[in-house]
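A.B. asks: My file is query.cif. It has mmCIF, C-alpha atoms:
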data_work
#
loop_
_atom_site.label_atom_id
_atom_site.label_comp_id
_atom_site.auth_asym_id
_atom_site.auth_seq_id
_atom_site.Cartn_x
_atom_site.Cartn_y
_atom_site.Cartn_z
CA MET A 1 -6.66 7.10 25.16
CA LYS A 2 -3.84 4.88 23.88
CA MET A 3 -4.70 3.00 20.73
CA LYS A 4 -2.29 0.82 18.74
CA LYS A 5 -4.27 0.55 15.54
CA TRP A 6 -6.10 3.20 13.55
CA LYS A 7 -9.08 0.91 12.96
CA ILE A 8 -9.66 0.67 16.69
CA THR A 9 -9.18 4.42 17.08
CA MET A 10 -11.61 5.16 14.26
CA ILE A 11 -14.31 3.02 15.83
CA PHE A 12 -13.74 4.78 19.14
CA PHE A 13 -13.83 8.18 17.45
CA LEU A 14 -17.11 7.41 15.73
CA LEU A 15 -18.66 6.27 18.96
CA PHE A 16 -17.39 9.09 21.14
CA PRO A 17 -16.65 12.75 20.20
CA LEU A 18 -13.07 12.73 21.51
CA ALA A 19 -9.71 13.49 19.96
CA VAL A 20 -8.15 11.20 17.40
CA SER A 21 -5.33 9.34 19.13
CA LEU A 22 -2.07 8.98 17.22
CA GLN A 23 -0.47 6.57 19.66
CA ALA A 24 0.55 4.21 16.89
CA GLU A 25 3.41 3.27 14.63
CA PRO A 26 4.28 6.06 12.12
CA ASN A 27 2.81 4.15 9.19
CA ASP A 28 -0.50 3.86 11.04
CA LEU A 29 -1.09 7.60 11.53
CA PRO A 30 -4.44 8.71 10.08
CA GLY A 31 -5.23 11.50 7.66
CA GLY A 32 -1.78 11.64 6.07
CA ILE A 33 -0.15 12.87 9.29
CA LYS A 34 3.61 12.39 9.52
CA VAL A 35 5.63 12.61 12.74
CA LYS A 36 9.42 12.63 12.82
CA LYS A 37 11.99 12.89 15.61
CA ILE A 38 14.49 15.60 14.65
CA TRP A 39 16.77 15.90 17.72
CA ASP A 40 17.73 13.93 20.81
CA LYS A 41 21.42 14.66 21.32
CA ALA A 42 21.27 16.33 24.74
CA GLY A 43 20.21 14.65 27.95
CA HIS A 44 16.96 16.65 27.92
CA ASN A 45 15.65 18.33 24.74
CA ALA A 46 12.53 20.39 25.38
CA PHE A 47 10.38 23.56 25.18
CA THR A 48 10.21 24.04 21.41
CA ASP A 49 9.15 26.73 19.00
CA LEU A 50 8.92 26.81 15.19
CA ILE A 51 9.00 29.54 12.55
CA LYS A 52 9.49 29.99 8.81
CA PHE A 53 11.95 32.66 7.71
CA LYS A 54 13.04 33.41 4.12
CA GLY A 55 11.94 30.00 2.87
CA ASN A 56 13.61 28.00 5.65
CA TYR A 57 12.23 26.47 8.82
CA TYR A 58 13.75 27.16 12.24
CA CYS A 59 13.13 25.11 15.37
CA SER A 60 14.36 26.33 18.77
CA PHE A 61 14.48 24.43 22.05
CA ARG A 62 16.40 24.07 25.31
CA GLU A 63 19.12 21.51 25.88
CA GLY A 64 19.95 20.56 29.44
CA SER A 65 20.61 17.72 31.83
CA GLY A 66 16.99 17.67 32.98
CA HIS A 67 13.72 19.56 33.13
CA VAL A 68 15.11 21.75 35.91
CA PRO A 69 18.89 22.09 35.76
CA GLY A 70 21.62 20.24 37.36
CA THR A 71 23.54 22.04 34.60
CA ASP A 72 22.39 25.32 33.10
CA GLY A 73 20.34 25.02 29.95
CA VAL A 74 21.44 26.26 26.52
CA VAL A 75 19.40 27.11 23.43
CA ARG A 76 19.75 25.04 20.26
CA ILE A 77 18.42 26.37 16.94
CA LEU A 78 17.95 24.03 13.99
CA LYS A 79 17.37 24.99 10.36
CA SER A 80 15.76 23.06 7.51
CA ALA A 81 15.00 23.83 3.88
CA ASP A 82 12.36 21.11 3.58
CA SER A 83 11.13 20.41 7.18
CA GLU A 84 12.60 16.91 6.84
CA ASN A 85 16.38 17.35 7.13
CA TRP A 86 17.65 19.54 9.94
CA GLU A 87 21.03 21.04 10.83
CA SER A 88 22.16 23.03 13.85
CA VAL A 89 22.86 26.71 13.09
CA ALA A 90 23.23 28.10 16.62
CA LEU A 91 23.93 27.13 20.22
CA LEU A 92 23.24 30.02 22.59
CA GLU A 93 24.81 30.00 26.04
CA LYS A 94 25.28 32.45 28.89
CA GLN A 95 27.51 31.76 31.86
CA GLY A 96 25.58 31.46 35.12
CA ILE A 97 22.11 31.54 33.54
CA ASP A 98 19.80 28.67 32.73
CA LEU A 99 18.33 29.60 29.34
CA ARG A 100 14.77 28.30 28.97
CA ASP A 101 11.77 28.33 26.61
CA PRO A 102 13.29 30.03 23.53
CA LYS A 103 10.47 31.49 21.44
CA LEU A 104 10.87 32.76 17.87
CA SER A 105 9.44 35.76 16.05
CA ILE A 106 10.38 37.93 13.07
CA THR A 107 11.19 41.57 13.79
CA PRO A 108 9.90 44.43 11.62
CA ASP A 109 13.43 44.92 10.23
CA GLY A 110 13.58 41.30 9.03
CA ARG A 111 15.56 39.32 11.60
CA ILE A 112 14.73 36.32 13.77
CA MET A 113 14.28 37.30 17.40
CA VAL A 114 14.69 34.71 20.14
CA ILE A 115 13.13 35.67 23.49
CA ILE A 116 14.47 33.43 26.25
CA GLY A 117 13.71 32.87 29.92
CA GLY A 118 16.78 33.34 32.10
CA SER A 119 16.88 31.60 35.49
CA ILE A 120 19.81 32.35 37.79
CA TYR A 121 20.90 29.50 40.06
CA LYS A 122 23.60 29.14 42.67
CA ASP A 123 24.14 25.80 44.41
CA HIS A 124 20.78 24.66 42.97
CA LYS A 125 18.97 27.64 44.56
CA LEU A 126 17.03 29.99 42.31
CA LEU A 127 18.23 33.58 42.82
CA GLY A 128 16.03 35.32 40.27
CA ARG A 129 14.97 35.52 36.63
CA GLU A 130 16.19 37.85 33.89
CA PRO A 131 14.72 37.46 30.37
CA GLN A 132 17.27 37.35 27.55
CA VAL A 133 17.13 38.07 23.84
CA SER A 134 19.16 37.09 20.76
CA PHE A 135 18.84 38.24 17.15
CA SER A 136 19.85 36.65 13.88
CA ASP A 137 21.49 38.41 10.99
CA GLN A 138 19.41 39.25 7.91
CA GLU A 139 20.04 35.80 6.43
CA GLY A 140 19.22 33.79 9.56
CA MET A 141 22.65 32.20 9.72
CA GLN A 142 24.34 33.97 12.66
CA PHE A 143 22.79 34.68 16.06
CA SER A 144 23.96 37.22 18.62
CA ASN A 145 24.93 36.27 22.16
CA PRO A 146 21.99 36.44 24.58
CA GLU A 147 21.63 39.81 26.29
CA LYS A 148 19.40 40.87 29.17
CA VAL A 149 16.25 42.75 28.16
CA ASN A 150 15.18 45.96 29.87
CA ILE A 151 11.75 45.91 31.50
CA ASP A 152 9.74 48.98 32.46
CA PRO A 153 11.03 50.12 35.91
CA SER A 154 7.44 50.48 37.13
CA VAL A 155 6.86 46.72 36.88
CA VAL A 156 10.27 44.98 36.76
CA SER A 157 10.55 42.27 39.43
CA TRP A 158 12.74 39.61 41.00
CA GLY A 159 11.23 36.93 38.78
CA ASP A 160 10.33 38.21 35.30
CA TRP A 161 9.61 35.81 32.46
CA ILE A 162 8.68 37.14 29.01
CA TRP A 163 7.39 33.98 27.46
CA ARG A 164 6.59 34.72 23.80
CA VAL A 165 6.59 37.88 21.64
CA THR A 166 4.06 38.47 18.85
CA TRP A 167 4.50 41.42 16.47
CA TYR A 168 1.59 43.50 15.21
CA LYS A 169 1.97 46.63 13.04
CA GLY A 170 5.56 47.20 14.06
CA THR A 171 5.13 46.58 17.79
CA GLY A 172 5.94 43.41 19.68
CA TYR A 173 3.57 42.35 22.47
CA ALA A 174 4.21 39.81 25.21
CA VAL A 175 3.05 38.79 28.65
CA ASP A 176 5.59 39.05 31.47
CA TYR A 177 4.65 36.61 34.21
CA GLN A 178 6.27 37.41 37.52
CA ILE A 179 6.88 34.86 40.25
CA GLY A 180 8.47 35.55 43.61
CA PRO A 181 11.15 33.51 45.40
CA GLU A 182 8.54 31.29 47.06
CA GLU A 183 7.12 30.24 43.67
CA ARG A 184 3.47 29.23 44.16
CA LYS A 185 3.44 30.59 47.71
CA GLY A 186 4.72 34.01 46.74
CA PRO A 187 3.32 37.04 44.92
CA VAL A 188 2.37 36.57 41.28
CA ALA A 189 1.63 39.22 38.66
CA LEU A 190 0.83 39.22 34.95
CA TYR A 191 1.61 42.25 32.76
CA LEU A 192 1.17 42.93 29.07
CA LEU A 193 4.34 44.58 27.72
CA LYS A 194 5.22 46.08 24.35
CA THR A 195 8.48 46.69 22.49
CA THR A 196 9.65 48.23 19.24
CA ASP A 197 13.22 46.91 19.32
CA GLY A 198 13.01 43.59 21.22
CA ARG A 199 15.36 44.88 23.90
CA ASN A 200 13.27 47.42 25.81
CA PHE A 201 9.81 46.52 27.08
CA GLU A 202 7.19 49.00 28.29
CA LYS A 203 4.14 48.28 30.45
CA VAL A 204 0.77 48.32 28.68
CA SER A 205 -1.59 46.91 31.30
CA LYS A 206 -2.01 44.42 34.11
CA LEU A 207 -4.03 41.21 33.66
CA ASN A 208 -5.83 40.35 36.87
CA VAL A 209 -5.88 36.55 36.78
CA ASP A 210 -5.84 34.31 39.86
CA GLY A 211 -4.69 30.70 40.24
CA PHE A 212 -0.94 31.20 39.73
CA PRO A 213 -1.04 32.39 36.08
CA ASN A 214 2.15 32.01 34.08
CA GLU A 215 2.90 30.86 30.48
CA SER A 216 0.90 33.04 28.07
CA THR A 217 0.72 33.36 24.28
CA VAL A 218 -0.50 36.54 22.56
CA ARG A 219 -2.08 36.63 19.07
CA PHE A 220 -4.14 39.08 16.98
CA ASP A 221 -7.02 38.71 14.57
CA LYS A 222 -7.30 40.71 11.33
CA LYS A 223 -9.09 43.56 13.11
CA GLY A 224 -6.39 43.95 15.75
CA THR A 225 -8.23 42.34 18.65
CA MET A 226 -5.76 40.71 21.01
CA TYR A 227 -6.23 37.17 22.32
CA VAL A 228 -4.16 35.66 25.12
CA LEU A 229 -4.04 32.00 26.20
CA ILE A 230 -2.99 31.77 29.86
CA ARG A 231 -1.83 28.78 31.91
CA ARG A 232 -2.93 28.52 35.57
CA GLU A 233 -1.55 26.03 38.09
CA LEU A 234 -3.50 26.57 41.32
CA GLU A 235 -7.17 26.42 42.41
CA ASP A 236 -9.09 24.67 39.61
CA LYS A 237 -6.01 24.95 37.29
CA ALA A 238 -8.19 25.66 34.24
CA GLY A 239 -6.67 27.78 31.48
CA VAL A 240 -7.95 31.28 30.72
CA TRP A 241 -8.83 32.88 27.36
CA ALA A 242 -8.39 36.66 27.53
CA THR A 243 -9.41 39.25 24.93
CA SER A 244 -8.80 42.97 24.56
CA LYS A 245 -9.14 45.71 21.96
CA ALA A 246 -6.62 48.50 21.39
CA PRO A 247 -5.07 50.07 23.42
CA TYR A 248 -5.21 46.72 25.29
CA THR A 249 -5.90 48.09 28.75
CA GLN A 250 -9.38 46.62 29.32
CA TRP A 251 -9.77 42.83 29.48
CA ASN A 252 -12.44 40.15 29.18
CA PHE A 253 -11.68 36.73 30.62
CA LYS A 254 -13.18 33.31 29.99
CA LYS A 255 -12.18 30.23 31.94
CA LEU A 256 -11.61 27.14 29.80
CA ASP A 257 -12.71 23.65 30.77
CA PHE A 258 -9.23 22.16 30.50
CA LYS A 259 -5.76 22.67 31.97
CA LEU A 260 -2.88 24.06 29.91
CA GLY A 261 0.85 23.33 29.75
CA GLY A 262 3.17 25.09 27.30
CA PRO A 263 0.19 26.70 25.53
CA ASN A 264 0.34 28.03 21.99
CA PHE A 265 -2.27 28.82 19.35
CA ILE A 266 -2.59 29.96 15.76
CA PHE A 267 -5.38 31.32 13.58
CA LEU A 268 -6.24 28.93 10.73
CA ASN A 269 -8.40 31.72 9.32
CA ASN A 270 -10.24 34.64 10.88
CA LYS A 271 -12.71 32.27 12.55
CA LYS A 272 -11.00 28.96 13.40
CA ILE A 273 -8.15 28.61 15.90
CA VAL A 274 -5.86 25.68 16.68
CA VAL A 275 -4.49 25.39 20.23
CA GLY A 276 -1.56 23.17 21.18
CA THR A 277 -0.93 22.22 24.80
CA ARG A 278 -0.05 19.52 27.26
CA VAL A 279 -3.21 17.57 28.07
CA TYR A 280 -3.39 16.02 31.54
CA GLU A 281 -6.41 13.71 31.37
CA PRO A 282 -7.09 10.85 30.91
CA ASP A 283 -3.35 10.50 30.24
CA VAL A 284 -0.61 13.08 29.74
CA HIS A 285 0.07 13.93 26.10
CA THR A 286 0.48 16.75 23.57
CA GLY A 287 -2.91 17.59 22.12
CA LEU A 288 -4.35 19.89 19.47
CA TYR A 289 -7.68 21.64 20.03
CA VAL A 290 -9.80 23.51 17.51
CA GLY A 291 -12.16 26.32 18.37
CA THR A 292 -13.33 29.87 17.83
CA LYS A 293 -12.48 33.36 19.02
CA ASN A 294 -15.16 32.96 21.68
CA GLY A 295 -12.90 30.51 23.48
CA ASP A 296 -14.89 27.34 22.78
CA PHE A 297 -12.47 24.48 22.07
CA LYS A 298 -12.51 20.72 21.58
CA GLU A 299 -9.57 18.35 21.32
CA ILE A 300 -9.19 16.81 17.87
CA ILE A 301 -5.72 15.24 17.72
CA GLN A 302 -3.51 13.49 20.25
CA LEU A 303 0.06 13.47 18.97
CA PRO A 304 2.43 10.57 19.76
CA SER A 305 3.62 11.74 23.17
CA GLY A 306 3.68 11.08 26.87
CA LYS A 307 5.27 11.84 30.25
CA ASP A 308 7.37 15.04 30.04
CA ASN A 309 6.06 16.64 26.83
CA SER A 310 4.33 19.49 24.95
CA TYR A 311 5.38 23.13 24.29
CA PRO A 312 4.41 23.17 20.60
CA GLY A 313 5.43 25.61 17.91
CA PHE A 314 3.39 26.20 14.74
CA VAL A 315 4.01 27.03 11.08
CA LEU A 316 0.86 27.34 8.98
CA GLU A 317 1.19 26.77 5.24
CA LYS A 318 -1.29 26.55 2.38
CA LYS A 319 -1.99 22.83 2.74
CA ARG A 320 -0.47 21.81 6.05
CA LEU A 321 0.22 22.72 9.66
CA LEU A 322 3.70 21.93 10.96
CA VAL A 323 3.94 21.38 14.71
CA SER A 324 7.13 21.14 16.75
CA TYR A 325 6.93 19.62 20.22
CA TYR A 326 8.92 17.52 22.64
CA SER A 327 8.07 14.26 24.34
CA SER A 328 9.44 11.41 26.46
CA HIS A 329 7.16 8.64 25.21
CA GLU A 330 10.05 6.82 23.49
CA GLY A 331 12.21 6.91 26.61
CA LYS A 332 14.45 9.93 26.05
CA THR A 333 13.09 13.46 25.97
CA SER A 334 13.33 14.40 22.27
CA VAL A 335 12.12 16.98 19.74
CA TYR A 336 9.55 16.03 17.07
CA ILE A 337 7.91 17.61 14.03
CA ALA A 338 4.34 16.69 13.07
CA ASP A 339 3.20 17.40 9.50
CA ILE A 340 -0.62 17.60 9.52
CA PRO A 341 -2.69 18.15 6.35
CA LEU A 342 -5.12 21.05 6.79
CA LYS A 343 -7.87 19.09 5.08
CA TYR A 344 -7.66 16.56 7.89
CA ILE A 345 -7.91 19.27 10.55
CA ARG A 346 -10.95 20.69 8.77
CA LYS A 347 -12.54 17.25 8.65
CA LEU A 348 -12.09 16.75 12.39
CA SER A 349 -13.35 20.29 13.03
CA GLU A 350 -16.77 19.70 11.46
#
Output the structure of this file as C-alpha cells.
C.D. replies:
Amino acid sequence: MKMKKWKITMIFFLLFPLAVSLQAEPNDLPGGIKVKKIWDKAGHNAFTDLIKFKGNYYCSFREGSGHVPGTDGVVRILKSADSENWESVALLEKQGIDLRDPKLSITPDGRIMVIIGGSIYKDHKLLGREPQVSFSDQEGMQFSNPEKVNIDPSVVSWGDWIWRVTWYKGTGYAVDYQIGPEERKGPVALYLLKTTDGRNFEKVSKLNVDGFPNESTVRFDKKGTMYVLIRRELEDKAGVWATSKAPYTQWNFKKLDFKLGGPNFIFLNNKKIVVGTRVYEPDVHTGLYVGTKNGDFKEIIQLPSGKDNSYPGFVLEKKRLLVSYYSSHEGKTSVYIADIPLKYIRKLSE
C-alpha cells in the first residue's frame, strides 16, 4: 500500500483494517510520527539495533559495500543525547571477518555488549561463521575490539550465529542458529544458549523448528516466561512464535500468518507487544505489528521504506517508541530513526 497523502490513507484505513501507510513526505506523517535519516556514509548501511544507556541513545549497524560483501563489513556505533543529533563513537573491525547484525544489550555489570555475526570469506567463498563480541567501558565511550565467543562444545558448529542477547536476572539468553556450508540445502539447527559474561555460551535446549529457521529474538515477561520470535525461509516461510517457562527446556510453538525478516519485538506492557519486521506483501517494507503474548498480531504501521530494508531496534520510553531501521526507498541504503507517540500506537491497537 503506497499512499502519498494522509487523507487518502485515512480513508483507506477506515474502509479496510490494514496498517497505516507512512509512504509520504515527512510533514504528512500521521499521529505525530517523525522519521529521520541519521546515517548514509557507507555504500551499504544496514541491520540496525537501538538501546538507551545512561541517558544516551546508541544505534549500531553494519557498514559494507553491499548486502553480502565484496568487502568485509564493519560495525558502526552512533551516540545521541537527544535522538536527533548523532555522532559516531566506534567503528569495530576484524581482519578477515565480515561483521554483521550487531545487536546491543546492557550487561549486569553496567556495560554495553555488542553481539556480532562473524562470516569468514575467502575469494568470495564462505568458509564458516564465528560470532564475535565487543564491550563498552562503563561510560559507553570506548568499545573493545571484537573477540570470538566460546560456544558449548556439545553444540558448536561450522556456522554459528548468535543473533541477539537478552538479559534476565543476571543471565543472558540468545538463540544460536546454525547453518551448514550448503546454506538452505544443508543441516540447520536452533539452540537456546545462556551466558553470564557475554563471552562463554552454554547450551540450554534445542528448538525443533522446520523450514530453515534462523534470525530469532528472545524476550521475557514479568513472570519470567520466555518468548522467541523466529524467522523461517523455506516451506510456507511463516514466522514462528515460541514460548517456554523456566528452565526453558520445553517449548510450545505457534505458526504466524506472516513472513518475518530481521524480526524484533518489545513489550509495551505485560499484555501488549509490538513486533518490527520486514513485510513482504503486498509490497516490501518495514512494518510494525501489535499483538498479545498468545501470538496474535496485526500490522498497524508501515514505515517509509522499501526494497532492501528492515532489521529494527527499539527503545521504549514513557510517551514514545523509538525505532531504528534501514531502508533503500530513497535510493541508497540508509539508517533511519522513527519517533512514534505511544498514544498513536494505542489508538491503532484498539
A.B. asks: Just checking: using all atoms listed in the file, which residue out of A:Arg76, A:Arg199, A:Arg129, A:Lys169 ends up closest to Asp40 of chain A?
C.D. replies: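 Counting all atoms listed in the file, the residue closest to Asp40 of chain A is A:Arg76.
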A.B. asks: Can you list, as JSON, numbers by chain, every protein, DNA or RNA residue that comes within 7 Å of Asp160 of chain A when you count only C-alpha atoms, leaving out same-chain residues fewer than 5 positions away?
C.D. replies: {"A": [129, 130, 131, 176, 177, 178, 179]}
A.B. asks: For the PyMOL selection byres ((chain A and resi 144-147) around 7), applied here, can you spell out every residue it catches as a count of residues only?
C.D. replies: 11
A.B. asks: Just the number, please: distance in Å from atom CA of Ala242 of chain A to atom CA of Leu207 of chain A, one decimal.
C.D. replies: 8.8 Å
A.B. asks: Assuming the chain letters and numbering stay as they are in my file, what does the PyMOL selection byres ((chain A and resi 253) around 9) actually select? List them as a list in words.
C.D. replies: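 For this structure, the PyMOL selection byres ((chain A and resi 253) around 9) captures Val209, Val240, Trp241, Ala242, Thr243, Trp251, Asn252, Lys254 and Lys255 of chain A.
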A.B. asks: Could you check which of A:Ala174, A:Leu190, A:Ile266, A:Val284 is closest to Val323 of chain A, using only C-alpha atoms?
C.D. replies: A:Ile266
A.B. asks: Could you state the separation of atom CA of Leu104 of chain A and atom CA of Ser305 of chain A in Å, given to one decimal place?
C.D. replies: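 Calculated distance between atom CA of Leu104 of chain A and atom CA of Ser305 of chain A is 22.9 Å.
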A.B. asks: Specify as number ranges by chain each residue included when the PyMOL selection byres ((chain A and resi 73) around 7) is applied to this file.
C.D. replies: A: 62-64, 69, 71-72, 74-75, 98-100
A.B. asks: Would you please work out which residue, of A:Arg232, A:Lys271, A:Lys203, A:Lys34, is nearest to Arg184 of chain A when using all atoms listed in the file?
C.D. replies: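 The shortest atom-to-atom distance to Arg184 of chain A comes from A:Arg232.
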A.B. asks: Using only C-alpha atoms, which of A:Tyr311, A:Tyr326, A:Phe265, A:Phe201 sits nearest Asn150 of chain A?
C.D. replies: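 Checking each candidate against Asn150 of chain A, we get A:Phe201 as the closest.
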A.B. asks: Mind giving me the straight-line distance from atom CA of Tyr289 of chain A to atom CA of Ile301 of chain A in Å, one decimal?
C.D. replies: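 Between these atoms lies a distance of 7.1 Å.
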A.B. asks: Show me, as JSON, numbers by chain, the residues that have an atom within 12 Å of Lys237 of chain A when counting all atoms listed in the file, minus same-chain residues fewer than 6 positions from it.
C.D. replies: {"A": [209, 210, 211, 212, 213, 214, 230, 231, 255, 256, 257, 258, 259, 260, 261, 280]}
A.B. asks: Please identify all polymer residues within 8 Å of Thr48 of chain A, counting all atoms listed in the file, omitting same-chain residues fewer than 5 positions from it, and present them as a PyMOL selection string.
C.D. replies: chain A and resi 59-62+101-103+311-313+324-326+335
A.B. asks: For a quick check of your reading of the model, name the residues lying within 6 Å of the coordinate (20.3, 16.3, 31.7), counting only C-alpha atoms, and write them as a list in words.
C.D. replies: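 The distance filter leaves exactly Gly43, His44, Gly64, Ser65 and Gly66 of chain A.
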A.B. asks: For Lys41 of chain A, which residue out of A:Thr286, A:Gln95, A:Thr196, A:Ser88 is the nearest one, using all atoms listed in the file?
C.D. replies: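 Ranked by minimum distance to Lys41 of chain A, first place goes to A:Ser88.
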